[in-house]
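This is upload_16.txt. It holds compact mmCIF, C-alpha atoms.
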```
# COMPACT_ATOMS: atom_id res chain seq x y z
CA MET A 1 14.26 2.08 -14.17
CA GLY A 2 11.20 1.83 -11.93
CA VAL A 3 8.70 3.79 -9.91
CA ALA A 4 9.18 5.12 -6.38
CA VAL A 5 6.59 4.14 -3.79
CA GLN A 6 6.15 6.36 -0.72
CA VAL A 7 4.18 4.89 2.20
CA ASP A 8 3.39 7.26 5.07
CA GLY A 9 1.58 6.50 8.33
CA LEU A 10 -0.31 3.51 6.93
CA THR A 11 -2.66 1.80 9.37
CA LYS A 12 -5.02 -1.09 8.63
CA SER A 13 -7.32 -3.11 10.85
CA PHE A 14 -10.22 -5.48 10.43
CA GLY A 15 -12.73 -4.77 13.16
CA ARG A 16 -10.78 -4.62 16.43
CA GLN A 17 -7.83 -6.56 15.00
CA LEU A 18 -4.98 -4.18 14.18
CA ILE A 19 -3.03 -5.66 11.29
CA TRP A 20 -0.31 -2.96 11.26
CA GLY A 21 -0.12 0.60 12.42
CA ASP A 22 1.69 3.78 11.42
CA VAL A 23 3.94 2.15 8.78
CA SER A 24 6.17 4.49 6.79
CA LEU A 25 8.77 3.58 4.17
CA THR A 26 10.13 4.52 0.78
CA LEU A 27 10.73 1.99 -1.96
CA PRO A 28 13.21 3.61 -4.37
CA PRO A 29 12.76 3.21 -8.13
CA GLY A 30 14.63 0.33 -9.69
CA GLU A 31 15.40 -1.45 -6.42
CA ILE A 32 14.11 -4.84 -5.35
CA SER A 33 12.69 -5.11 -1.84
CA VAL A 34 11.72 -8.17 0.17
CA MET A 35 9.18 -8.53 2.96
CA LEU A 36 9.69 -11.50 5.25
CA GLY A 37 7.67 -12.74 8.20
CA PRO A 38 5.67 -15.64 9.54
CA SER A 39 2.16 -16.47 8.42
CA GLY A 40 -0.52 -14.10 9.68
CA THR A 41 1.67 -11.03 10.20
CA GLY A 42 0.03 -8.83 7.54
CA LYS A 43 2.36 -9.20 4.54
CA SER A 44 -0.45 -9.85 2.05
CA VAL A 45 -2.62 -7.11 3.54
CA PHE A 46 0.27 -4.66 3.18
CA LEU A 47 0.91 -5.64 -0.44
CA LYS A 48 -2.79 -5.44 -1.31
CA THR A 49 -2.88 -1.98 0.21
CA ILE A 50 0.13 -0.64 -1.69
CA ILE A 51 -1.43 -1.73 -4.99
CA GLY A 52 -4.81 -0.26 -4.06
CA LEU A 53 -6.85 -3.45 -3.60
CA LEU A 54 -7.48 -2.53 0.05
CA LYS A 55 -8.00 0.96 1.44
CA PRO A 56 -6.04 1.83 4.59
CA ASP A 57 -7.75 3.14 7.71
CA ARG A 58 -5.19 5.97 7.81
CA GLY A 59 -2.13 7.07 5.88
CA SER A 60 -1.13 7.29 2.26
CA VAL A 61 0.52 5.30 -0.54
CA VAL A 62 1.91 7.62 -3.20
CA ILE A 63 3.00 6.28 -6.60
CA GLU A 64 3.94 8.73 -9.36
CA GLY A 65 2.41 11.56 -7.33
CA VAL A 66 -0.96 9.82 -6.86
CA ASP A 67 -2.25 8.78 -3.43
CA LEU A 68 -3.79 5.33 -3.97
CA ALA A 69 -5.79 5.64 -0.75
CA THR A 70 -7.89 8.47 -2.19
CA CYS A 71 -7.77 8.14 -5.99
CA LYS A 72 -10.61 6.97 -8.22
CA GLU A 73 -10.89 3.36 -9.39
CA LYS A 74 -10.22 4.27 -13.04
CA ASP A 75 -6.98 6.01 -12.00
CA LEU A 76 -5.96 2.94 -10.00
CA TYR A 77 -6.33 0.80 -13.11
CA GLU A 78 -3.96 3.05 -15.06
CA ILE A 79 -1.37 3.09 -12.27
CA ARG A 80 -1.45 -0.70 -11.90
CA LYS A 81 -0.68 -1.11 -15.62
```
Whole structure, structure tokens version:
Amino acid sequence: MGVAVQVDGLTKSFGRQLIWGDVSLTLPPGEISVMLGPSGTGKSVFLKTIIGLLKPDRGSVVIEGVDLATCKEKDLYEIRK
């Protein structure tokens, strides 16, 4: 089993440095996905964003019908469990 993750139009930057822009993807429940790339390409920033540790500049991350970009901290805790 598993939980579907829907990422739509995600954009994140730090100051003027665009880390990634307009990223959209679906991670189906029960499947294993891999993200590969050289150091400094935004892999950790992306992962921190899809678990709600970082807020995106734009876009959404929806897990079990909840948008992590806009939900309350107490709701994030429950989703992470």
*asked:* If I take CA of Gly37 (chain A) and CA of Lys12 (chain A), how far is one from the other in Å, to one decimal?
replied: 17.2 Å
*Residues within 8 Å of region 53-65 of chain A, all atoms listed in the file, excluding chain neighbours under 5 positions, as a list in words*: Val3, Ala4, Val5, Gln6, Val7, Asp8, Gly9, Leu10, Thr11, Lys12, Ser13, Asp22, Val45, Lys48 and Ile79 of chain A
*asked:* With distances taken over all atoms listed in the file, which residue among A:Lys43, A:Ile50, A:Arg80, A:Lys72 lies nearest Leu27 (chain A)?
replied: A:Ile50
*To one decimal place, how far is CA of Thr49 (chain A) from CA of Arg16 (chain A) in Å?*
18.2 Å
*Distance CA of Gln17 (chain A)-CA of Leu47 (chain A), one decimal place?*
17.8 Å
_I need the residue nearest Leu76 (chain A) from this list: A:Val23, A:Ile51, A:Leu18, A:Leu36. Use all atoms listed in the file for the distance._
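When distances to Leu76 (chain A) are compared using all atoms listed in the file, the smallest one comes from A:Ile51.
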